[in-house]
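Source file: model08.txt; contents: compact mmCIF, C-alpha atoms.
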# COMPACT_ATOMS: atom_id res chain seq x y z
CA MET T 28 0.00 0.00 0.00
CA THR T 29 2.84 2.39 0.82
CA VAL T 30 4.54 1.69 -2.51
CA LEU T 31 1.24 2.25 -4.37
CA CYS T 32 0.71 5.60 -2.67
CA VAL T 33 4.24 6.68 -3.59
CA LEU T 34 3.68 5.70 -7.25
CA MET T 35 0.40 7.59 -7.37
CA ALA T 36 2.08 10.63 -5.88
CA CYS T 37 4.82 10.45 -8.50
CA LYS T 38 2.23 10.41 -11.30
CA LYS T 39 0.54 13.59 -10.11
CA ASN T 40 0.75 16.26 -12.81
CA ASN T 41 0.79 19.95 -12.00
CA VAL T 42 -1.03 21.32 -15.08
CA ASP T 43 -0.46 24.98 -15.80
CA PHE T 44 0.26 27.40 -18.63
CA SER T 45 1.06 31.05 -19.25
CA TYR T 46 0.63 33.36 -22.24
CA ALA T 47 2.24 36.46 -23.67
CA PRO T 48 1.51 39.22 -24.18
CA THR T 49 -0.73 39.41 -21.11
CA GLU T 50 -2.98 42.08 -22.70
CA PRO T 51 -3.18 41.05 -26.36
CA ARG T 52 -5.11 42.88 -29.01
CA ALA T 53 -7.29 41.46 -31.75
CA GLY T 54 -5.12 40.10 -34.55
CA GLU T 55 -2.02 39.93 -32.38
CA THR T 56 -0.28 36.55 -31.99
CA VAL T 57 -0.49 35.13 -28.46
CA LYS T 58 2.10 32.55 -27.47
CA PHE T 59 0.95 29.94 -24.94
CA SER T 60 3.66 28.26 -22.84
CA ASN T 61 2.86 24.82 -21.38
CA LEU T 62 4.15 24.73 -17.78
CA SER T 63 2.79 21.27 -16.92
CA SER T 64 5.20 19.04 -15.00
CA SER T 65 4.62 16.04 -17.28
CA GLY T 66 2.51 14.73 -20.12
CA GLU T 67 2.77 13.44 -23.67
CA GLU T 68 -0.51 14.59 -25.24
CA TRP T 69 -2.09 18.02 -25.09
CA GLU T 70 -5.51 19.37 -25.99
CA TRP T 71 -6.01 23.13 -26.19
CA THR T 72 -9.28 24.96 -26.73
CA PHE T 73 -9.00 28.72 -27.08
CA GLY T 74 -12.61 29.71 -26.49
CA ASP T 75 -13.27 31.00 -30.02
CA GLY T 76 -13.73 27.60 -31.67
CA ALA T 77 -10.04 27.08 -32.42
CA THR T 78 -8.04 24.16 -31.00
CA ALA T 79 -4.47 22.85 -30.97
CA THR T 80 -2.67 19.63 -30.03
CA ILE T 81 0.96 20.75 -29.74
CA LYS T 82 2.67 21.38 -26.42
CA SER T 83 3.03 25.17 -26.63
CA PRO T 84 0.94 26.66 -29.44
CA SER T 85 0.37 30.20 -30.69
CA HIS T 86 -3.01 31.69 -31.55
CA ALA T 87 -4.44 35.02 -32.75
CA TYR T 88 -7.95 36.15 -31.82
CA LYS T 89 -9.81 37.94 -34.58
CA GLN T 90 -12.15 39.88 -32.30
CA PRO T 91 -11.81 41.47 -28.86
CA GLY T 92 -13.52 39.85 -25.87
CA THR T 93 -12.94 37.50 -22.94
CA TYR T 94 -12.21 33.85 -23.79
CA ARG T 95 -11.86 30.68 -21.68
CA VAL T 96 -8.68 28.81 -22.56
CA ILE T 97 -8.54 25.16 -21.49
CA LEU T 98 -5.50 22.87 -21.46
CA LYS T 99 -6.06 19.12 -20.94
CA VAL T 100 -3.04 16.82 -20.54
CA ASP T 101 -3.02 13.15 -21.62
CA LYS T 102 -6.81 13.27 -22.14
CA ARG T 103 -7.40 13.14 -18.38
CA ALA T 104 -10.15 15.36 -17.03
CA ALA T 105 -8.31 15.64 -13.73
CA TRP T 106 -5.28 17.07 -15.50
CA THR T 107 -6.96 20.22 -16.77
CA LYS T 108 -6.23 23.91 -16.37
CA THR T 109 -8.62 26.74 -17.31
CA LYS T 110 -7.80 30.45 -17.55
CA GLU T 111 -9.54 33.49 -18.95
CA ILE T 112 -7.82 35.76 -21.45
CA THR T 113 -9.04 39.23 -22.34
CA VAL T 114 -8.41 40.42 -25.89
CA TYR T 115 -8.62 44.17 -26.48
CA ASP T 116 -9.51 46.28 -29.51
CA THR T 117 -6.87 46.71 -32.17
CA ILE T 118 -4.87 49.93 -32.33
CA PRO T 119 -5.61 51.56 -35.71
CA THR T 120 -2.60 51.19 -37.97
CA PHE T 121 -1.70 50.44 -41.58
CA VAL T 122 0.08 47.50 -43.14
CA CYS T 123 1.71 46.45 -46.40
CA ALA T 124 1.94 42.89 -47.71
CA ASP T 125 5.54 43.53 -48.79
CA SER T 126 8.43 43.51 -46.32
CA VAL T 127 11.23 44.61 -48.67
CA PHE T 128 10.96 47.88 -50.59
CA SER T 129 12.88 49.13 -53.62
CA ILE T 130 12.50 52.07 -55.98
CA TYR T 131 9.91 52.15 -58.77
CA ASN T 132 8.01 49.06 -57.63
CA ASP T 133 4.28 49.36 -56.89
CA TYR T 134 3.18 48.99 -53.27
CA THR T 135 -0.17 49.12 -51.50
CA PHE T 136 -0.51 50.33 -47.92
CA GLU T 137 -3.83 49.49 -46.26
CA ALA T 138 -5.45 50.78 -43.06
CA ASN T 139 -6.02 48.08 -40.44
CA ILE T 140 -8.71 48.82 -37.87
CA TYR T 141 -11.27 46.89 -35.84
CA ASN T 142 -14.73 48.40 -36.27
CA PRO T 143 -17.41 45.91 -35.09
CA TYR T 144 -20.02 48.62 -34.59
CA ASN T 145 -19.59 50.12 -38.06
CA TYR T 146 -18.61 53.54 -36.83
CA GLU T 147 -18.01 56.19 -39.47
CA VAL T 148 -14.33 56.19 -40.35
CA SER T 149 -12.31 58.76 -42.29
CA TYR T 150 -8.76 58.45 -43.57
CA LEU T 151 -6.13 60.92 -44.69
CA TRP T 152 -2.74 59.86 -46.00
CA VAL T 153 -0.39 62.73 -45.21
CA LEU T 154 2.15 63.48 -47.94
CA PRO T 155 4.05 66.74 -47.26
CA LEU T 156 4.90 68.96 -50.20
CA ASP T 157 8.62 68.16 -49.80
CA MET T 158 7.98 64.40 -49.78
CA ASP T 159 9.57 63.72 -53.14
CA TYR T 160 10.52 60.10 -52.44
CA PHE T 161 7.02 58.64 -52.84
CA THR T 162 4.59 59.10 -55.72
CA PRO T 163 0.95 58.03 -55.30
CA THR T 164 -0.62 56.32 -58.30
CA ASP T 165 -4.08 57.30 -57.05
CA GLU T 166 -4.77 60.97 -56.33
CA ASP T 167 -7.44 60.09 -53.74
CA LEU T 168 -5.64 60.26 -50.38
CA THR T 169 -8.83 59.80 -48.33
CA SER T 170 -9.44 56.09 -48.99
CA SER T 171 -8.38 53.21 -46.75
CA THR T 172 -5.52 52.33 -49.11
CA LEU T 173 -2.52 54.19 -50.47
CA LYS T 174 -0.98 52.96 -53.71
CA GLY T 175 2.25 54.26 -55.16
CA TYR T 176 5.99 53.81 -55.54
CA PHE T 177 9.22 55.12 -54.03
CA THR T 178 11.43 57.19 -56.31
CA ARG T 179 14.76 57.13 -54.46
CA PRO T 180 16.56 54.91 -51.95
CA LEU T 181 16.41 55.95 -48.28
CA GLN T 182 17.31 54.45 -44.93
CA GLU T 183 14.06 55.79 -43.48
CA ALA T 184 11.15 56.83 -45.70
CA PRO T 185 8.19 57.82 -43.46
CA ILE T 186 4.53 57.57 -44.41
CA TRP T 187 1.73 59.01 -42.26
CA LEU T 188 -1.94 58.10 -41.89
CA CYS T 189 -4.60 59.99 -39.92
CA ILE T 190 -7.60 57.85 -38.90
CA VAL T 191 -10.75 59.34 -37.32
CA MET T 192 -13.27 56.82 -35.96
CA ASN T 193 -16.26 57.72 -33.77
CA GLY T 194 -14.65 61.07 -32.97
CA ASP T 195 -11.29 59.58 -31.92
CA THR T 196 -8.25 60.58 -33.96
CA THR T 197 -5.19 58.36 -34.36
CA TYR T 198 -1.99 59.36 -36.15
CA VAL T 199 0.11 56.49 -37.45
CA GLU T 200 3.66 56.98 -38.73
CA LYS T 201 5.83 54.20 -40.13
CA SER T 202 9.25 54.37 -41.76
CA PHE T 203 10.47 52.03 -44.47
CA GLU T 204 13.93 51.26 -45.77
CA VAL T 205 13.92 51.72 -49.54
CA GLN T 206 16.65 50.03 -51.56
CA ASP T 207 18.09 50.97 -54.93
CA ARG T 208 18.01 48.43 -57.76
CA ALA T 209 19.94 48.01 -60.99
CA THR T 210 18.25 48.32 -64.37
CA ASN T 211 19.00 49.14 -68.00
CA SER T 212 19.25 52.72 -69.24
CA VAL T 213 18.83 55.10 -72.13
CA LEU T 214 21.83 57.33 -72.83
CA LEU T 215 21.23 60.80 -74.26
CA ARG T 216 23.58 63.31 -75.82
CA THR T 217 22.53 66.95 -75.99
CA THR T 218 24.28 70.20 -76.69
CA GLU T 219 24.66 70.53 -72.91
CA GLY T 220 26.36 67.14 -72.38
CA ASP T 221 25.65 63.42 -71.89
CA PHE T 222 22.94 61.98 -69.66
CA ARG T 223 21.82 58.59 -68.34
CA GLN T 224 18.15 57.85 -67.64
CA ARG T 225 17.44 54.53 -65.95
CA ILE T 226 14.30 52.71 -67.09
CA PHE T 227 12.01 50.84 -64.66
CA GLY T 228 9.27 49.30 -66.77
CA ALA T 229 6.70 51.99 -67.49
CA ARG T 230 8.59 54.48 -65.28
CA ALA T 231 11.95 56.16 -65.50
CA GLU T 232 14.36 57.87 -63.16
CA GLU T 233 15.21 61.51 -63.75
CA ALA T 234 18.08 61.86 -66.22
CA LYS T 235 21.48 62.38 -64.60
CA VAL T 236 24.65 63.90 -66.05
CA ILE T 237 27.41 61.41 -66.91
CA THR T 238 30.86 61.62 -68.43
CA LYS T 239 31.12 60.98 -72.16
CA SER T 240 29.88 57.53 -73.09
CA ALA T 241 31.49 55.21 -75.62
CA LEU T 242 28.02 54.09 -76.67
CA LEU T 243 27.19 57.66 -77.65
CA ASP T 244 30.58 58.22 -79.27
CA ALA T 245 29.95 55.31 -81.64
CA GLU T 246 27.97 55.58 -84.85
CA GLN T 247 24.35 55.36 -83.86
CA ASP T 248 22.16 54.64 -86.85
CA THR T 249 24.15 54.90 -90.05
CA VAL T 250 25.58 51.37 -90.15
CA GLN T 251 23.70 48.31 -88.86
CA THR T 252 24.47 44.57 -88.92
CA TYR T 253 21.46 42.28 -89.16
CA ASN T 254 21.48 38.50 -89.81
CA GLY T 255 25.16 38.63 -90.77
CA HIS T 256 24.74 41.41 -93.32
CA THR T 257 26.03 44.94 -92.76
CA PHE T 258 23.61 47.58 -93.99
CA THR T 259 24.89 51.07 -94.78
CA LEU T 260 23.01 54.33 -94.98
CA ASP T 261 23.60 54.51 -98.75
CA GLU T 262 22.20 51.01 -99.23
CA VAL T 263 19.08 51.80 -97.22
CA ALA T 264 18.66 55.13 -99.02
CA SER T 265 18.20 53.26 -102.30
CA VAL T 266 14.94 51.90 -100.90
CA PHE T 267 14.02 54.79 -98.58
CA PRO T 268 15.10 58.09 -100.21
CA GLY T 269 15.93 60.81 -97.73
CA VAL T 270 16.72 58.42 -94.89
CA GLN T 271 19.00 60.00 -92.26
CA GLY T 272 19.42 57.06 -89.89
CA PHE T 273 17.98 53.59 -89.23
CA HIS T 274 17.86 50.55 -86.93
CA ILE T 275 16.77 46.99 -87.76
CA SER T 276 15.13 44.39 -85.49
CA ASN T 277 12.62 41.56 -85.88
CA ARG T 278 12.50 41.99 -89.69
CA LYS T 279 11.48 45.64 -89.24
CA ILE T 280 13.42 48.74 -90.14
CA TYR T 281 12.85 51.93 -88.16
CA TYR T 282 14.26 54.96 -89.90
CA ARG T 283 14.52 58.73 -89.69
CA ALA T 284 13.49 60.66 -92.79
CA ASP T 285 10.77 63.30 -92.75
CA GLY T 286 9.89 62.18 -89.23
CA LEU T 287 10.08 58.64 -87.86
CA TRP T 288 8.96 55.61 -89.88
CA VAL T 289 8.68 51.84 -89.65
CA ALA T 290 8.60 49.39 -92.57
CA ASN T 291 9.21 45.73 -93.30
CA ILE T 292 12.88 45.00 -93.95
CA ASP T 293 12.12 44.53 -97.65
CA GLY T 294 10.71 48.06 -97.79
CA ALA T 295 7.04 47.06 -97.82
CA ASN T 296 4.29 48.80 -95.86
CA PRO T 297 6.05 51.95 -94.63
CA VAL T 298 4.10 53.69 -91.85
CA GLN T 299 4.94 57.04 -90.26
CA ILE T 300 5.16 56.91 -86.44
CA ASP T 301 5.90 60.60 -85.84
CA ALA T 302 5.72 63.43 -88.39
CA SER T 303 7.95 65.74 -86.31
CA ASP T 304 11.61 66.25 -87.11
CA CYS T 305 13.55 63.34 -85.56
CA PRO T 306 17.25 64.07 -84.93
CA ALA T 307 17.99 60.83 -83.01
CA MET T 308 16.57 57.37 -82.37
CA THR T 309 17.57 53.93 -81.06
CA LEU T 310 16.14 50.49 -80.40
CA ASP T 311 16.17 48.79 -77.01
CA THR T 312 16.08 45.07 -77.84
CA LYS T 313 15.95 44.15 -74.16
CA ASP T 314 12.63 45.88 -73.52
CA ASN T 315 11.54 45.80 -77.20
CA ARG T 316 11.13 49.55 -77.39
CA ILE T 317 12.02 52.31 -79.80
CA TYR T 318 13.21 55.66 -78.42
CA TRP T 319 13.37 58.85 -80.46
CA ALA T 320 13.75 62.59 -80.00
CA ASN T 321 11.79 65.52 -81.35
CA ALA T 322 11.39 69.16 -80.37
CA GLU T 323 9.18 68.27 -77.38
CA GLY T 324 11.55 65.75 -75.81
CA VAL T 325 12.31 62.03 -75.93
CA TRP T 326 9.54 59.51 -76.66
CA TYR T 327 9.18 55.74 -76.62
CA MET T 328 6.77 53.01 -77.68
CA PRO T 329 6.85 49.19 -78.09
CA PHE T 330 8.16 47.60 -81.26
CA VAL T 331 5.60 47.36 -84.06
CA GLY T 332 4.51 43.77 -84.54
CA SER T 333 1.95 43.65 -87.34
CA ASP T 334 2.87 42.85 -90.95
CA ASN T 335 1.16 45.99 -92.20
CA ASN T 336 3.00 48.03 -89.50
CA LYS T 337 -0.18 49.58 -88.18
CA PHE T 338 0.22 50.28 -84.47
CA VAL T 339 -2.37 50.94 -81.77
CA THR T 340 -0.09 51.88 -78.88
CA VAL T 341 0.27 55.57 -78.09
CA PRO T 342 3.82 56.99 -77.85
CA VAL T 343 4.81 57.99 -74.31
CA LEU T 344 6.93 61.03 -73.42
CA LEU T 345 10.02 59.87 -71.52
CA ASN T 346 11.32 63.36 -70.75
CA ASP T 347 11.17 66.92 -72.05
CA MET T 348 14.88 67.28 -72.76
CA LYS T 349 15.67 69.54 -75.70
CA ASN T 350 18.42 69.38 -78.32
CA VAL T 351 18.93 65.61 -78.06
CA ASN T 352 21.10 64.59 -81.01
CA LYS T 353 22.09 61.03 -80.06
CA ILE T 354 20.35 58.19 -78.19
CA ALA T 355 21.76 54.81 -77.19
CA ALA T 356 20.26 51.91 -75.22
CA ASP T 357 22.52 50.47 -72.51
CA ALA T 358 21.49 46.91 -71.60
CA GLU T 359 24.07 46.68 -68.81
CA GLU T 360 22.14 47.06 -65.59
CA LYS T 361 23.36 49.86 -63.33

Take the structure in the file and write it out as structure tokens.
Amino acid sequence: MTVLCVLMACKKNNVDFSYAPTEPRAGETVKFSNLSSSGEEWEWTFGDGATATIKSPSHAYKQPGTYRVILKVDKRAAWTKTKEITVYDTIPTFVCADSVFSIYNDYTFEANIYNPYNYEVSYLWVLPLDMDYFTPTDEDLTSSTLKGYFTRPLQEAPIWLCIVMNGDTTYVEKSFEVQDRATNSVLLRTTEGDFRQRIFGARAEEAKVITKSALLDAEQDTVQTYNGHTFTLDEVASVFPGVQGFHISNRKIYYRADGLWVANIDGANPVQIDASDCPAMTLDTKDNRIYWANAEGVWYMPFVGSDNNKFVTVPVLLNDMKNVNKIAADAEEK
């Protein structure tokens, strides 16, 4: 009998657990720590319909309130511990699905609030006049989301949101580290010097002054090699009188004459892209774009793909630089 009592005493399990943080908010992860002295199987019920069977689980409550958390060890009713946990309202804030930020990528910031009583809520994304590192893609700054992109790398790029709900005002400020990223460029020569403009998809960085470039020093559009044959300006002029420069790609020839034109390589179906005087042009075979200059600035559009050379895309103004006399595409990412 004495031995039996000792064995029973040894089997006694002190069931207990703790959790952190002790005052969690809705949506916040709560870590439960199993403090039981023994056991091999665990049953957790969190009071909101969720359960777990691991020793020390984590759980997030979607709504504020008071919940009864029960831990049962080895499926024995006698080895059970119950505690109440109070979950508080969320603090209004905003979040972004991305965790790493770089220039000229699109990001969406979204307000995150708990509003079970459907109070009237107003939002205002605060963008100071000198905040030149972020450009919104939607001019409405009073919605629950802010969409846009960063335009330069920064260690700390702050964004502010003012939330008013049921008369209570909350100001939220978060700072983000914005990284630079390498990309291809368009090189431009003007009467004022040489410039590099990095291209990020449909967007471009502001042109920056560079030292003289070998790409711009080279002949731009008077001699071209295509499919093993070297085409000269005189040879092309026999088919396209008045041609001043040309580039060839994908069985198309883009050439400067009285404006900018595209035709099939055999000279068929010539179509004028721009009737303005065109002092410079180039092809970017990496992004499949044509760049050209006129009196308004530098323009670009995708390569023309149809056999009849009719195009439906609208040329886009890259910059308003004047007196551009040479353009070169640099595929080396910088």

(request) Counting all atoms listed in the file, find the residues whose atoms lie at most 10 Å from (15.7, 54.5, -64.8) (file coordinates) and write them out as a list in words. (result)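 Output: Ile130, Tyr131, Thr178, Arg208, Ala209, Thr210, Asn211, Ser212, Val213, Arg223, Gln224, Arg225, Ile226, Phe227, Gly228, Ala229, Arg230, Ala231, Glu232, Glu233, Ala234, Lys235, Glu360 and Lys361 of chain T.
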
(request) May I ask for the distance between atom CA of Thr217 of chain T and atom CA of Met348 of chain T, given in Å to one decimal place? (result)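 Atom-to-atom, atom CA of Thr217 of chain T to atom CA of Met348 of chain T, that is 8.3 Å.
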
(request) Rank T:Val236, T:Ala53, T:Leu344, T:Leu168 by their smallest atom-to-atom distance to Ile112 of chain T, using only C-alpha atoms, and report the top residue only. (result)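 Ranking T:Val236, T:Ala53, T:Leu344, T:Leu168 by distance to Ile112 of chain T, first place goes to T:Ala53.
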
(request) Quick one: pull the distance between atom CA of Phe121 of chain T and atom CA of Tyr144 of chain T, Å, one decimal. (result)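 Taking atom CA of Phe121 of chain T as the start and atom CA of Tyr144 of chain T as the end point, the length is 19.7 Å.
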
Which residues, written as a PDB file with C-alpha atoms, in the coordinates of the input, have at least one atom at most 10 Å from Ala302 of chain T, with all atoms listed in the file counted and residues fewer than 4 positions away on the same chain left out?
ATOM      1  CA  ALA T 284      13.490  60.660 -92.790  1.00  0.00           C
ATOM      2  CA  ASP T 285      10.770  63.300 -92.750  1.00  0.00           C
ATOM      3  CA  GLY T 286       9.890  62.180 -89.230  1.00  0.00           C
ATOM      4  CA  LEU T 287      10.080  58.640 -87.860  1.00  0.00           C
ATOM      5  CA  TRP T 288       8.960  55.610 -89.880  1.00  0.00           C
ATOM      6  CA  ASN T 321      11.790  65.520 -81.350  1.00  0.00           C
TER       7      ASN T 321
END

(request) Grab the atom CA of Tyr176 of chain T to atom CA of Phe128 of chain T distance for me, in Å with one decimal place. (result)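 Rounded to one decimal, the two atoms are 9.2 Å apart.
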
(message) I'd like to know which of T:Tyr94, T:Phe59, T:Tyr146, T:Tyr88 is closest to Gly194 of chain T, using all atoms listed in the file.
(response) T:Tyr146

(message) Would you pick out the contacts of Tyr150 of chain T at 8 Å or less, using only C-alpha atoms, so that residues sharing its chain but fewer than 3 positions from it are not included, and give the list as a ChimeraX atom specification?
(response) /T:168-171,188-191

(message) Counting all atoms listed in the file, which residue out of T:Thr72, T:Gly66, T:Tyr115, T:Trp106 sits closest to Thr49 of chain T?
(response)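 Selected residue with least distance to Thr49 of chain T: T:Tyr115.
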
Would you mind completing segment 325-337 of chain T so that it carries N, CA and C atoms, and writing it out as a CSV table (one decimal), in the frame of the given file?
chain,number,residue,atom,x,y,z
T,325,VAL,N,12.0,63.4,-75.5
T,325,VAL,CA,12.3,62.0,-75.9
T,325,VAL,C,11.1,61.2,-75.7
T,326,TRP,N,10.7,60.3,-76.7
T,326,TRP,CA,9.5,59.5,-76.7
T,326,TRP,C,9.9,58.0,-76.8
T,327,TYR,N,9.0,57.2,-76.4
T,327,TYR,CA,9.2,55.7,-76.6
T,327,TYR,C,7.8,55.0,-76.9
T,328,MET,N,7.9,53.9,-77.5
T,328,MET,CA,6.8,53.0,-77.7
T,328,MET,C,7.3,51.6,-78.0
T,329,PRO,N,6.4,50.6,-77.8
T,329,PRO,CA,6.8,49.2,-78.1
T,329,PRO,C,7.1,49.0,-79.6
T,330,PHE,N,7.9,48.0,-79.9
T,330,PHE,CA,8.2,47.6,-81.3
T,330,PHE,C,6.8,47.3,-82.0
T,331,VAL,N,6.8,47.6,-83.2
T,331,VAL,CA,5.6,47.4,-84.1
T,331,VAL,C,5.6,45.9,-84.5
T,332,GLY,N,4.5,45.2,-84.3
T,332,GLY,CA,4.5,43.8,-84.5
T,332,GLY,C,3.7,43.3,-85.7
T,333,SER,N,2.8,44.1,-86.2
T,333,SER,CA,2.0,43.6,-87.3
T,333,SER,C,2.7,43.7,-88.7
T,334,ASP,N,2.3,42.9,-89.6
T,334,ASP,CA,2.9,42.8,-91.0
T,334,ASP,C,2.6,44.1,-91.7
T,335,ASN,N,1.5,44.8,-91.5
T,335,ASN,CA,1.2,46.0,-92.2
T,335,ASN,C,1.7,47.2,-91.5
T,336,ASN,N,2.3,47.0,-90.3
T,336,ASN,CA,3.0,48.0,-89.5
T,336,ASN,C,2.0,49.1,-88.9
T,337,LYS,N,0.8,48.7,-88.9
T,337,LYS,CA,-0.2,49.6,-88.2
T,337,LYS,C,0.0,49.4,-86.7
